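Enquirer: Here it is: the structure, laid out below.
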Amino acid sequence: MPPSFVHRITKYDPADRDVHGHYTGAEDTVNDHGPVEAAYLAAIAAFAEASGIDRLEIREPTVTGFVHFGVEPPVDGHGLGGLFPPDLTGYHDGAEVSLPVALELVRAMLRDQGAWCRLEVGDLFTVHVGWDQYVYVGSDRPCADAVARTRELGLFPEPLTASPYAAEVDEAEVTEPADEHFWIRVHTALASQHALLLEESYVRGAARWHRITPKNLNTVRAGLGPRALLTVWPDLTPNVGAVLAALPQEEAIQFVWEAQDGTISHAIVDDTDYQKLTVHVADARAACVLPLSLAEHRPLLCAALPDSDGVLRARW
């Protein structure tokens with residue numbers, strides 16, 4: 001159940017909304033990177049303090065992939081530099097962070113720098129950042145002092161019945177856990193195909209690729225990120241020229257290739273990129289094309305890693 005008390009916090013005066021609730025005033029929808037941003041963070045901190053919260057859980061973390069919808073251009077590191085290492089260790093579904101780190105995550109989201117996540121403490125407290133500098137804070141307490149503090153900061157806290165960004169648990173597309181039964185199926189597939197391609201989505205918008213064999217499977221498995229989405233595909237094709245020759249026209253695809261040093265990379269391309277792609281992968285050892293269309297997305301296996309107690313909590 002979501003928290004009982006939810007407030008929409010914005011810099012937009014409710015007096016400047018039309019009958020449909022649309023803002024018609026002069027406030028810009030872009031972050032000021034200054035006093036207004038600081039006011040948002042102070043308001044969230046006030047609600048957290050009033051709720052007795054000093055640590056929050058990251059849920060459904062995302063980084064900018066091949067499509068970026070933010071108002072401002074993405075930055076290197078997705079706005080997470082200084083908070084997490086370049087490989088994003090610690091930025092995963094279920095990771096707990098301190099309130100100061102959570103506030104820095106909110107700052108990155110307010111600036112549309114590429115990272116997005118829900119920040120939650122079960123059904124006790126939630127922080128969701130939406131479009132155009134809209135923030136939704138939920139608590140199991142009324143937080144009257146925090147509401148007053150938000151007004152003092154020059155922002156407008158408006159009560160709502162629920163956050164529009166609350167997760168719908170029953171909408172999860174992947175409900176199979178990557179448990180022992182899943183790994184038995186992987187072993188069985190490897191017995192007949194000798195090698196497979198494993199796509200490890202450790203956050204939304206980012207993936208690591210592994211060419212798995214019976215010999216290295218346990219090593220790869222031990223290094224997978226918490227709650228990662230695992231998608232198993234047929235092995236890469238050693239005839240890279242044939243893969244390039246069969247690239248479709250007028251359709252974006254995901255091109256995956258293995259370099260001479262064994263590293264596997266991927267890129268989202270369409271026919272306008274094919275010439276550059278051909279040059280870039282000239283020395284590749286193997287490659288394949290994976291569809292982007294959900295209708296054509298037919299992996300061999302797909303499951304999400306459960307927690308150490310065997311429970312699948314990731315929402316993919």
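Every chain in the structure tokens has a letter given in the order shown (A, B, ...), and although residue numbers restart at 1 in each chain, ligands are simply numbered from 1 in the order shown.
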What's the 10 Å shell around Val127 of chain A, counting only C-alpha atoms, without same-chain residues fewer than 5 positions away, as a PyMOL selection string?
Expert: chain A and resi 6-7+44+47-48+56+102-103+106+117-121+135-139+163+165-166
Enquirer: Go ahead and save the residues from that selection, with N, CA and C atoms, as an mmCIF file, in the first residue's frame.
Expert:
data_model
loop_
_atom_site.group_PDB
_atom_site.id
_atom_site.type_symbol
_atom_site.label_atom_id
_atom_site.label_comp_id
_atom_site.auth_asym_id
_atom_site.auth_seq_id
_atom_site.Cartn_x
_atom_site.Cartn_y
_atom_site.Cartn_z
ATOM 1 N N VAL A 6 0.061 12.145 0.725
ATOM 2 C CA VAL A 6 0.887 12.466 -0.439
ATOM 3 C C VAL A 6 0.740 13.941 -0.770
ATOM 4 N N HIS A 7 1.872 14.587 -1.038
ATOM 5 C CA HIS A 7 1.858 15.995 -1.449
ATOM 6 C C HIS A 7 2.614 16.172 -2.753
ATOM 7 N N ILE A 44 12.043 18.370 0.776
ATOM 8 C CA ILE A 44 12.056 16.911 0.882
ATOM 9 C C ILE A 44 12.711 16.481 2.186
ATOM 10 N N PHE A 47 10.251 16.811 5.016
ATOM 11 C CA PHE A 47 9.283 15.716 5.058
ATOM 12 C C PHE A 47 9.934 14.442 5.590
ATOM 13 N N ALA A 48 11.185 14.175 5.185
ATOM 14 C CA ALA A 48 11.875 12.987 5.678
ATOM 15 C C ALA A 48 12.071 13.071 7.185
ATOM 16 N N LEU A 56 16.868 5.692 2.493
ATOM 17 C CA LEU A 56 15.833 5.353 1.518
ATOM 18 C C LEU A 56 16.353 4.271 0.587
ATOM 19 N N ALA A 102 20.327 10.429 -1.178
ATOM 20 C CA ALA A 102 19.000 10.462 -1.811
ATOM 21 C C ALA A 102 18.685 11.861 -2.332
ATOM 22 N N LEU A 103 19.038 12.881 -1.563
ATOM 23 C CA LEU A 103 18.784 14.254 -2.001
ATOM 24 C C LEU A 103 19.625 14.604 -3.229
ATOM 25 N N VAL A 106 17.873 13.185 -6.125
ATOM 26 C CA VAL A 106 16.772 14.065 -6.497
ATOM 27 C C VAL A 106 17.301 15.250 -7.303
ATOM 28 N N CYS A 117 15.029 7.348 -10.652
ATOM 29 C CA CYS A 117 14.639 6.214 -9.819
ATOM 30 C C CYS A 117 13.535 6.663 -8.881
ATOM 31 N N ARG A 118 12.842 5.693 -8.324
ATOM 32 C CA ARG A 118 11.955 5.963 -7.203
ATOM 33 C C ARG A 118 12.779 5.835 -5.925
ATOM 34 N N LEU A 119 12.468 6.658 -4.943
ATOM 35 C CA LEU A 119 13.106 6.568 -3.628
ATOM 36 C C LEU A 119 12.010 6.249 -2.628
ATOM 37 N N GLU A 120 12.149 5.125 -1.933
ATOM 38 C CA GLU A 120 11.052 4.645 -1.105
ATOM 39 C C GLU A 120 11.551 4.013 0.187
ATOM 40 N N VAL A 121 10.682 4.007 1.176
ATOM 41 C CA VAL A 121 10.891 3.241 2.403
ATOM 42 C C VAL A 121 9.594 2.447 2.617
ATOM 43 N N VAL A 135 7.493 17.264 -7.965
ATOM 44 C CA VAL A 135 7.979 16.282 -7.007
ATOM 45 C C VAL A 135 6.810 15.801 -6.158
ATOM 46 N N TYR A 136 6.761 14.504 -5.906
ATOM 47 C CA TYR A 136 5.675 13.914 -5.125
ATOM 48 C C TYR A 136 6.276 13.214 -3.907
ATOM 49 N N VAL A 137 5.868 13.644 -2.732
ATOM 50 C CA VAL A 137 6.376 13.079 -1.483
ATOM 51 C C VAL A 137 5.218 12.426 -0.737
ATOM 52 N N GLY A 138 5.403 11.166 -0.378
ATOM 53 C CA GLY A 138 4.384 10.452 0.372
ATOM 54 C C GLY A 138 4.905 10.046 1.744
ATOM 55 N N SER A 139 4.048 10.080 2.739
ATOM 56 C CA SER A 139 4.432 9.707 4.096
ATOM 57 C C SER A 139 3.266 9.027 4.786
ATOM 58 N N SER A 163 0.571 9.408 -5.595
ATOM 59 C CA SER A 163 1.564 9.864 -6.571
ATOM 60 C C SER A 163 1.288 9.218 -7.927
ATOM 61 N N TYR A 165 3.387 8.527 -9.971
ATOM 62 C CA TYR A 165 4.552 7.701 -10.279
ATOM 63 C C TYR A 165 4.670 6.492 -9.344
ATOM 64 N N ALA A 166 3.627 6.226 -8.582
ATOM 65 C CA ALA A 166 3.645 5.046 -7.722
ATOM 66 C C ALA A 166 3.723 3.785 -8.577
#
Enquirer: Using DSSP on the backbone, list every residue of segment 69-269 of chain A that comes out as strand (DSSP E), and give them as a PyMOL selection string.
Expert: chain A and resi 96-98+116-121+125-129+135-139+156-160+196-203+206-212+229-234+253-258+264-269
Enquirer: Pick from A:Leu312, A:Ala286, A:Leu229, A:Val30: nearest to Thr263 of chain A, with only C-alpha atoms counted?
Expert: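 Among the listed residues, A:Ala286 lies closest to Thr263 of chain A.
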Enquirer: When you look at Asp145 of chain A with a cut-off of 12 Å (counting only C-alpha atoms), what residues show up, excluding the ones that are within fewer than 6 positions of it in the same chain? I need them as a short mmCIF file (atom, residue, chain, number, x, y, z; two decimals) with C-alpha atoms, in the first residue's frame.
Expert:
data_model
loop_
_atom_site.label_atom_id
_atom_site.label_comp_id
_atom_site.auth_asym_id
_atom_site.auth_seq_id
_atom_site.Cartn_x
_atom_site.Cartn_y
_atom_site.Cartn_z
CA ALA A 43 11.44 20.62 1.50
CA ALA A 45 14.48 16.84 3.80
CA ALA A 46 11.80 18.40 6.01
CA PHE A 47 9.28 15.72 5.06
CA ALA A 48 11.88 12.99 5.68
CA GLU A 49 12.70 14.41 9.11
CA ALA A 50 9.01 14.68 10.00
CA SER A 51 8.59 11.04 8.95
CA ARG A 151 5.54 27.07 2.07
CA GLU A 152 8.20 29.08 3.90
CA PRO A 157 2.66 21.67 -1.29
#
Enquirer: Could you tell me how far atom CA of Leu88 of chain A sits from atom CA of Val101 of chain A, in Å to one decimal place?
Expert: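 One can read the atom CA of Val101 of chain A to atom CA of Leu88 of chain A distance as 13.9 Å.
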Enquirer: Calculated over only C-alpha atoms, which of the candidates A:Thr10, A:His297, A:Leu277, A:Phe84 has the smallest distance to Tyr23 of chain A?
Expert: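 So, comparing all the options, the nearest one is A:Thr10.
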Enquirer: For segment 199-205 of chain A, please output as a ChimeraX atom specification all residues within 8 Å (counting only C-alpha atoms; exclusion window: fewer than 2 positions along the same chain).
Expert: /A:60-66,91-93,197,207-210,224-233
Enquirer: Take the residues from that selection and write them out as a JSON list (two decimals), in the first residue's frame, keeping N, CA and C atoms.
Expert:
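part17.json, freshly written:
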[["chain", "number", "residue", "atom", "x", "y", "z"],
["A", 60, "GLU", "N", 13.70, 0.72, -9.13],
["A", 60, "GLU", "CA", 13.64, 0.87, -10.58],
["A", 60, "GLU", "C", 14.64, 1.90, -11.12],
["A", 61, "PRO", "N", 15.91, 1.80, -10.76],
["A", 61, "PRO", "CA", 16.88, 2.80, -11.25],
["A", 61, "PRO", "C", 17.04, 2.74, -12.76],
["A", 62, "THR", "N", 17.22, 3.91, -13.34],
["A", 62, "THR", "CA", 17.32, 4.06, -14.79],
["A", 62, "THR", "C", 18.46, 5.01, -15.13],
["A", 63, "VAL", "N", 19.10, 4.78, -16.25],
["A", 63, "VAL", "CA", 20.04, 5.75, -16.80],
["A", 63, "VAL", "C", 19.68, 5.97, -18.26],
["A", 64, "THR", "N", 20.20, 7.05, -18.82],
["A", 64, "THR", "CA", 19.89, 7.37, -20.20],
["A", 64, "THR", "C", 20.44, 6.31, -21.13],
["A", 65, "GLY", "N", 19.58, 5.74, -21.95],
["A", 65, "GLY", "CA", 20.02, 4.79, -22.95],
["A", 65, "GLY", "C", 20.19, 5.49, -24.28],
["A", 66, "PHE", "N", 19.65, 4.89, -25.34],
["A", 66, "PHE", "CA", 19.79, 5.51, -26.66],
["A", 66, "PHE", "C", 18.73, 6.58, -26.90],
["A", 91, "TYR", "N", 24.36, 1.47, -7.30],
["A", 91, "TYR", "CA", 23.14, 2.06, -7.88],
["A", 91, "TYR", "C", 22.36, 0.93, -8.55],
["A", 92, "HIS", "N", 21.53, 0.28, -7.75],
["A", 92, "HIS", "CA", 20.75, -0.83, -8.26],
["A", 92, "HIS", "C", 19.44, -0.92, -7.49],
["A", 93, "ASP", "N", 18.52, -1.65, -8.04],
["A", 93, "ASP", "CA", 17.23, -1.81, -7.39],
["A", 93, "ASP", "C", 17.43, -2.45, -6.02],
["A", 197, "LEU", "N", 24.67, -16.06, -25.53],
["A", 197, "LEU", "CA", 24.89, -14.66, -25.20],
["A", 197, "LEU", "C", 23.96, -14.29, -24.05],
["A", 207, "ALA", "N", 23.44, -2.19, -19.83],
["A", 207, "ALA", "CA", 23.57, -3.64, -19.82],
["A", 207, "ALA", "C", 25.04, -4.04, -19.97],
["A", 208, "ARG", "N", 25.36, -5.19, -19.40],
["A", 208, "ARG", "CA", 26.64, -5.86, -19.63],
["A", 208, "ARG", "C", 26.35, -7.14, -20.40],
["A", 209, "TRP", "N", 27.32, -7.52, -21.25],
["A", 209, "TRP", "CA", 27.13, -8.68, -22.10],
["A", 209, "TRP", "C", 28.17, -9.74, -21.78],
["A", 210, "HIS", "N", 27.73, -10.99, -21.78],
["A", 210, "HIS", "CA", 28.62, -12.10, -21.46],
["A", 210, "HIS", "C", 28.38, -13.21, -22.49],
["A", 224, "LEU", "N", 27.23, -11.29, -11.34],
["A", 224, "LEU", "CA", 26.03, -10.57, -11.79],
["A", 224, "LEU", "C", 25.56, -9.58, -10.72],
["A", 225, "GLY", "N", 25.03, -8.45, -11.19],
["A", 225, "GLY", "CA", 24.56, -7.41, -10.27],
["A", 225, "GLY", "C", 23.28, -7.78, -9.58],
["A", 226, "PRO", "N", 23.02, -7.22, -8.38],
["A", 226, "PRO", "CA", 21.79, -7.52, -7.64],
["A", 226, "PRO", "C", 20.54, -7.19, -8.44],
["A", 227, "ARG", "N", 19.60, -8.11, -8.41],
["A", 227, "ARG", "CA", 18.28, -7.93, -9.02],
["A", 227, "ARG", "C", 18.35, -7.67, -10.53],
["A", 228, "ALA", "N", 19.43, -8.07, -11.17],
["A", 228, "ALA", "CA", 19.59, -7.83, -12.61],
["A", 228, "ALA", "C", 18.56, -8.62, -13.41],
["A", 229, "LEU", "N", 18.19, -8.05, -14.55],
["A", 229, "LEU", "CA", 17.35, -8.76, -15.52],
["A", 229, "LEU", "C", 18.28, -9.53, -16.45],
["A", 230, "LEU", "N", 18.07, -10.83, -16.57],
["A", 230, "LEU", "CA", 18.94, -11.70, -17.37],
["A", 230, "LEU", "C", 18.18, -12.18, -18.60],
["A", 231, "THR", "N", 18.74, -11.91, -19.76],
["A", 231, "THR", "CA", 18.12, -12.32, -21.01],
["A", 231, "THR", "C", 19.12, -13.15, -21.79],
["A", 232, "VAL", "N", 18.74, -14.36, -22.13],
["A", 232, "VAL", "CA", 19.62, -15.29, -22.82],
["A", 232, "VAL", "C", 19.26, -15.33, -24.30],
["A", 233, "TRP", "N", 20.28, -15.10, -25.16],
["A", 233, "TRP", "CA", 20.10, -15.08, -26.61],
["A", 233, "TRP", "C", 20.99, -16.16, -27.24]]
Enquirer: So that I can see what lies close to Pro164 of chain A, please list as a VMD selection string the residues with an atom at most 10 Å from it, counting only C-alpha atoms and leaving out residues fewer than 6 positions away in the same chain.
Expert: chain A and resid 8 128 130 136
Enquirer: May I have the selected residues written with all heavy atoms, as a PDB file, in the first residue's frame?
Expert:
ATOM      1  N   ARG A   8       2.047  16.960  -3.635  1.00  0.00           N
ATOM      2  CA  ARG A   8       2.758  17.398  -4.833  1.00  0.00           C
ATOM      3  C   ARG A   8       3.452  18.706  -4.488  1.00  0.00           C
ATOM      4  O   ARG A   8       2.806  19.669  -4.067  1.00  0.00           O
ATOM      5  CB  ARG A   8       1.786  17.596  -5.990  1.00  0.00           C
ATOM      6  CG  ARG A   8       2.461  18.070  -7.274  1.00  0.00           C
ATOM      7  CD  ARG A   8       1.480  18.126  -8.423  1.00  0.00           C
ATOM      8  NE  ARG A   8       0.493  19.189  -8.262  1.00  0.00           N
ATOM      9  CZ  ARG A   8      -0.512  19.412  -9.103  1.00  0.00           C
ATOM     10  NH1 ARG A   8      -0.688  18.601 -10.137  1.00  0.00           N
ATOM     11  NH2 ARG A   8      -1.368  20.390  -8.890  1.00  0.00           N
ATOM     12  N   HIS A 128       9.109  10.793  -5.454  1.00  0.00           N
ATOM     13  CA  HIS A 128       9.082  10.563  -6.894  1.00  0.00           C
ATOM     14  C   HIS A 128       9.252  11.906  -7.600  1.00  0.00           C
ATOM     15  O   HIS A 128       8.578  12.885  -7.245  1.00  0.00           O
ATOM     16  CB  HIS A 128       7.741   9.934  -7.325  1.00  0.00           C
ATOM     17  CG  HIS A 128       7.428   8.649  -6.636  1.00  0.00           C
ATOM     18  ND1 HIS A 128       6.147   8.241  -6.344  1.00  0.00           N
ATOM     19  CD2 HIS A 128       8.247   7.672  -6.163  1.00  0.00           C
ATOM     20  CE1 HIS A 128       6.181   7.067  -5.739  1.00  0.00           C
ATOM     21  NE2 HIS A 128       7.456   6.706  -5.610  1.00  0.00           N
ATOM     22  N   GLY A 130       8.873  13.905 -11.116  1.00  0.00           N
ATOM     23  CA  GLY A 130       8.215  13.832 -12.415  1.00  0.00           C
ATOM     24  C   GLY A 130       8.757  14.856 -13.388  1.00  0.00           C
ATOM     25  O   GLY A 130       9.827  15.433 -13.197  1.00  0.00           O
ATOM     26  N   TYR A 136       6.761  14.504  -5.906  1.00  0.00           N
ATOM     27  CA  TYR A 136       5.675  13.914  -5.125  1.00  0.00           C
ATOM     28  C   TYR A 136       6.276  13.214  -3.907  1.00  0.00           C
ATOM     29  O   TYR A 136       7.102  12.313  -4.052  1.00  0.00           O
ATOM     30  CB  TYR A 136       4.891  12.918  -5.982  1.00  0.00           C
ATOM     31  CG  TYR A 136       4.347  13.539  -7.246  1.00  0.00           C
ATOM     32  CD1 TYR A 136       5.137  13.626  -8.394  1.00  0.00           C
ATOM     33  CD2 TYR A 136       3.061  14.074  -7.282  1.00  0.00           C
ATOM     34  CE1 TYR A 136       4.650  14.219  -9.549  1.00  0.00           C
ATOM     35  CE2 TYR A 136       2.563  14.667  -8.435  1.00  0.00           C
ATOM     36  CZ  TYR A 136       3.372  14.741  -9.570  1.00  0.00           C
ATOM     37  OH  TYR A 136       2.889  15.334 -10.705  1.00  0.00           O
TER      38      TYR A 136
END
Enquirer: Given the choices A:Ala39, A:Ala167, A:Ile184, A:Ala222, which gets closest to Gln133 of chain A if the distance is worked out from only C-alpha atoms?
Expert: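 When distances to Gln133 of chain A are compared using only C-alpha atoms, the smallest one comes from A:Ala39.
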Enquirer: When distances are computed from only C-alpha atoms, which of A:His78, A:Glu250, A:Tyr134, A:Cys143 shows the smallest separation from Gln113 of chain A?
Expert: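 Among A:His78, A:Glu250, A:Tyr134, A:Cys143, it is A:His78 that comes nearest to Gln113 of chain A.
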Enquirer: Given only C-alpha atoms as the basis, pick out the residue of A:Val289, A:Val147, A:Leu41, A:Ala314 nearest to Ile58 of chain A.
Expert: A:Ala314
Enquirer: Pick out the residues sitting within 10 Å of Glu258 of chain A, and hand them over as a ChimeraX atom specification; count only C-alpha atoms, and ignore anything fewer than 5 positions along from it in its own chain.
Expert: /A:209-211,236-238,240,263-266,281,283-288
Enquirer: Kindly save the residues from that selection, with N, CA, C and O atoms included, as a PDB file, in the first residue's frame.
Expert:
ATOM      1  N   TRP A 209      27.322  -7.518 -21.249  1.00  0.00           N
ATOM      2  CA  TRP A 209      27.127  -8.681 -22.104  1.00  0.00           C
ATOM      3  C   TRP A 209      28.170  -9.742 -21.776  1.00  0.00           C
ATOM      4  O   TRP A 209      29.337  -9.429 -21.556  1.00  0.00           O
ATOM      5  N   HIS A 210      27.726 -10.986 -21.776  1.00  0.00           N
ATOM      6  CA  HIS A 210      28.615 -12.103 -21.462  1.00  0.00           C
ATOM      7  C   HIS A 210      28.382 -13.215 -22.491  1.00  0.00           C
ATOM      8  O   HIS A 210      27.241 -13.578 -22.776  1.00  0.00           O
ATOM      9  N   ARG A 211      29.485 -13.742 -23.009  1.00  0.00           N
ATOM     10  CA  ARG A 211      29.389 -14.923 -23.857  1.00  0.00           C
ATOM     11  C   ARG A 211      29.630 -16.118 -22.940  1.00  0.00           C
ATOM     12  O   ARG A 211      30.752 -16.351 -22.484  1.00  0.00           O
ATOM     13  N   LEU A 236      26.680 -15.332 -30.538  1.00  0.00           N
ATOM     14  CA  LEU A 236      27.125 -14.443 -31.606  1.00  0.00           C
ATOM     15  C   LEU A 236      27.566 -15.261 -32.816  1.00  0.00           C
ATOM     16  O   LEU A 236      27.998 -16.411 -32.689  1.00  0.00           O
ATOM     17  N   THR A 237      27.484 -14.649 -33.993  1.00  0.00           N
ATOM     18  CA  THR A 237      27.874 -15.306 -35.241  1.00  0.00           C
ATOM     19  C   THR A 237      29.290 -14.902 -35.628  1.00  0.00           C
ATOM     20  O   THR A 237      29.588 -13.697 -35.684  1.00  0.00           O
ATOM     21  N   PRO A 238      30.195 -15.857 -35.891  1.00  0.00           N
ATOM     22  CA  PRO A 238      31.561 -15.491 -36.242  1.00  0.00           C
ATOM     23  C   PRO A 238      31.696 -14.810 -37.601  1.00  0.00           C
ATOM     24  O   PRO A 238      32.670 -14.097 -37.846  1.00  0.00           O
ATOM     25  N   VAL A 240      30.999 -12.005 -39.254  1.00  0.00           N
ATOM     26  CA  VAL A 240      30.540 -10.631 -39.035  1.00  0.00           C
ATOM     27  C   VAL A 240      30.087  -9.994 -40.342  1.00  0.00           C
ATOM     28  O   VAL A 240      29.114  -9.241 -40.381  1.00  0.00           O
ATOM     29  N   THR A 263      35.962  -8.390 -25.208  1.00  0.00           N
ATOM     30  CA  THR A 263      34.916  -7.518 -24.666  1.00  0.00           C
ATOM     31  C   THR A 263      33.746  -7.464 -25.646  1.00  0.00           C
ATOM     32  O   THR A 263      33.931  -7.480 -26.863  1.00  0.00           O
ATOM     33  N   ILE A 264      32.555  -7.394 -25.082  1.00  0.00           N
ATOM     34  CA  ILE A 264      31.342  -7.367 -25.899  1.00  0.00           C
ATOM     35  C   ILE A 264      30.669  -6.010 -25.716  1.00  0.00           C
ATOM     36  O   ILE A 264      30.461  -5.547 -24.589  1.00  0.00           O
ATOM     37  N   SER A 265      30.319  -5.379 -26.833  1.00  0.00           N
ATOM     38  CA  SER A 265      29.688  -4.057 -26.823  1.00  0.00           C
ATOM     39  C   SER A 265      28.399  -4.109 -27.630  1.00  0.00           C
ATOM     40  O   SER A 265      28.140  -5.061 -28.370  1.00  0.00           O
ATOM     41  N   HIS A 266      27.611  -3.057 -27.479  1.00  0.00           N
ATOM     42  CA  HIS A 266      26.384  -2.983 -28.270  1.00  0.00           C
ATOM     43  C   HIS A 266      26.105  -1.536 -28.640  1.00  0.00           C
ATOM     44  O   HIS A 266      26.578  -0.600 -27.993  1.00  0.00           O
ATOM     45  N   VAL A 281      33.460  -1.911 -36.528  1.00  0.00           N
ATOM     46  CA  VAL A 281      33.520  -3.318 -36.114  1.00  0.00           C
ATOM     47  C   VAL A 281      34.329  -4.163 -37.091  1.00  0.00           C
ATOM     48  O   VAL A 281      34.188  -5.388 -37.126  1.00  0.00           O
ATOM     49  N   ASP A 283      37.269  -5.250 -37.111  1.00  0.00           N
ATOM     50  CA  ASP A 283      38.108  -6.297 -36.510  1.00  0.00           C
ATOM     51  C   ASP A 283      37.348  -7.182 -35.531  1.00  0.00           C
ATOM     52  O   ASP A 283      37.962  -7.953 -34.787  1.00  0.00           O
ATOM     53  N   ALA A 284      36.032  -7.079 -35.506  1.00  0.00           N
ATOM     54  CA  ALA A 284      35.247  -7.867 -34.547  1.00  0.00           C
ATOM     55  C   ALA A 284      35.374  -9.357 -34.825  1.00  0.00           C
ATOM     56  O   ALA A 284      35.495  -9.796 -35.978  1.00  0.00           O
ATOM     57  N   ARG A 285      35.340 -10.149 -33.745  1.00  0.00           N
ATOM     58  CA  ARG A 285      35.437 -11.610 -33.875  1.00  0.00           C
ATOM     59  C   ARG A 285      34.086 -12.250 -34.166  1.00  0.00           C
ATOM     60  O   ARG A 285      34.014 -13.303 -34.789  1.00  0.00           O
ATOM     61  N   ALA A 286      33.008 -11.620 -33.670  1.00  0.00           N
ATOM     62  CA  ALA A 286      31.673 -12.186 -33.843  1.00  0.00           C
ATOM     63  C   ALA A 286      30.650 -11.083 -33.600  1.00  0.00           C
ATOM     64  O   ALA A 286      30.961 -10.054 -32.990  1.00  0.00           O
ATOM     65  N   ALA A 287      29.425 -11.287 -34.069  1.00  0.00           N
ATOM     66  CA  ALA A 287      28.399 -10.249 -33.925  1.00  0.00           C
ATOM     67  C   ALA A 287      27.017 -10.864 -34.081  1.00  0.00           C
ATOM     68  O   ALA A 287      26.856 -12.018 -34.514  1.00  0.00           O
ATOM     69  N   CYS A 288      26.007 -10.067 -33.737  1.00  0.00           N
ATOM     70  CA  CYS A 288      24.623 -10.456 -33.984  1.00  0.00           C
ATOM     71  C   CYS A 288      23.756  -9.212 -33.979  1.00  0.00           C
ATOM     72  O   CYS A 288      24.176  -8.138 -33.539  1.00  0.00           O
TER      73      CYS A 288
END
Enquirer: So which residues touch segment 272-274 of chain A within 10 Å, counting only C-alpha atoms, skipping near sequence neighbours fewer than 2 positions away, as a PDB file with N, CA and C atoms, in the first residue's frame?
Expert:
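What follows is the written file selection21.pdb:
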ATOM      1  N   LEU A 244      26.526  -8.025 -41.062  1.00  0.00           N
ATOM      2  CA  LEU A 244      26.446  -6.652 -41.576  1.00  0.00           C
ATOM      3  C   LEU A 244      25.659  -6.595 -42.878  1.00  0.00           C
ATOM      4  N   ALA A 245      25.847  -7.592 -43.737  1.00  0.00           N
ATOM      5  CA  ALA A 245      25.158  -7.594 -45.031  1.00  0.00           C
ATOM      6  C   ALA A 245      23.655  -7.758 -44.889  1.00  0.00           C
ATOM      7  N   LEU A 247      21.764  -6.460 -42.455  1.00  0.00           N
ATOM      8  CA  LEU A 247      21.133  -5.422 -41.642  1.00  0.00           C
ATOM      9  C   LEU A 247      19.890  -4.874 -42.334  1.00  0.00           C
ATOM     10  N   PRO A 248      18.787  -4.714 -41.597  1.00  0.00           N
ATOM     11  CA  PRO A 248      17.539  -4.247 -42.213  1.00  0.00           C
ATOM     12  C   PRO A 248      17.580  -2.758 -42.537  1.00  0.00           C
ATOM     13  N   GLN A 249      16.793  -2.355 -43.513  1.00  0.00           N
ATOM     14  CA  GLN A 249      16.682  -0.950 -43.887  1.00  0.00           C
ATOM     15  C   GLN A 249      15.483  -0.308 -43.177  1.00  0.00           C
ATOM     16  N   GLU A 250      15.632   0.975 -42.871  1.00  0.00           N
ATOM     17  CA  GLU A 250      14.540   1.764 -42.274  1.00  0.00           C
ATOM     18  C   GLU A 250      14.025   1.150 -40.980  1.00  0.00           C
ATOM     19  N   GLU A 251      14.948   0.632 -40.172  1.00  0.00           N
ATOM     20  CA  GLU A 251      14.551   0.026 -38.904  1.00  0.00           C
ATOM     21  C   GLU A 251      15.724   0.100 -37.932  1.00  0.00           C
ATOM     22  N   ALA A 252      15.486   0.596 -36.739  1.00  0.00           N
ATOM     23  CA  ALA A 252      16.532   0.636 -35.724  1.00  0.00           C
ATOM     24  C   ALA A 252      16.693  -0.744 -35.111  1.00  0.00           C
ATOM     25  N   ILE A 268      22.819   0.975 -30.600  1.00  0.00           N
ATOM     26  CA  ILE A 268      21.528   1.098 -31.274  1.00  0.00           C
ATOM     27  C   ILE A 268      21.773   1.885 -32.558  1.00  0.00           C
ATOM     28  N   VAL A 269      21.476   1.290 -33.703  1.00  0.00           N
ATOM     29  CA  VAL A 269      21.772   1.920 -34.988  1.00  0.00           C
ATOM     30  C   VAL A 269      20.602   1.741 -35.944  1.00  0.00           C
ATOM     31  N   ASP A 270      20.586   2.600 -36.969  1.00  0.00           N
ATOM     32  CA  ASP A 270      19.689   2.393 -38.104  1.00  0.00           C
ATOM     33  C   ASP A 270      20.509   2.541 -39.377  1.00  0.00           C
ATOM     34  N   LYS A 276      29.392   3.848 -40.784  1.00  0.00           N
ATOM     35  CA  LYS A 276      30.295   4.040 -39.642  1.00  0.00           C
ATOM     36  C   LYS A 276      30.416   2.754 -38.833  1.00  0.00           C
ATOM     37  N   LEU A 277      29.300   2.045 -38.673  1.00  0.00           N
ATOM     38  CA  LEU A 277      29.317   0.809 -37.908  1.00  0.00           C
ATOM     39  C   LEU A 277      30.248  -0.212 -38.562  1.00  0.00           C
ATOM     40  N   THR A 278      30.177  -0.332 -39.882  1.00  0.00           N
ATOM     41  CA  THR A 278      31.010  -1.299 -40.592  1.00  0.00           C
ATOM     42  C   THR A 278      32.487  -1.038 -40.344  1.00  0.00           C
ATOM     43  N   VAL A 279      32.868   0.235 -40.341  1.00  0.00           N
ATOM     44  CA  VAL A 279      34.265   0.582 -40.087  1.00  0.00           C
ATOM     45  C   VAL A 279      34.627   0.282 -38.638  1.00  0.00           C
ATOM     46  N   HIS A 280      33.705   0.600 -37.736  1.00  0.00           N
ATOM     47  CA  HIS A 280      33.986   0.460 -36.310  1.00  0.00           C
ATOM     48  C   HIS A 280      34.183  -0.992 -35.898  1.00  0.00           C
TER      49      HIS A 280
END
Enquirer: Please determine, counting only C-alpha atoms, which residue among A:Ala246, A:Ala195, A:Ile9, A:Leu80 has the shortest atom-to-atom distance to Asp132 of chain A.
Expert: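 Nearest candidate to Asp132 of chain A out of A:Ala246, A:Ala195, A:Ile9, A:Leu80: A:Ile9.
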Enquirer: Between atom CA of Asp179 of chain A and atom CA of Ile212 of chain A, what is the spacing in Å?
Expert: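 A separation of 17.2 Å between them.
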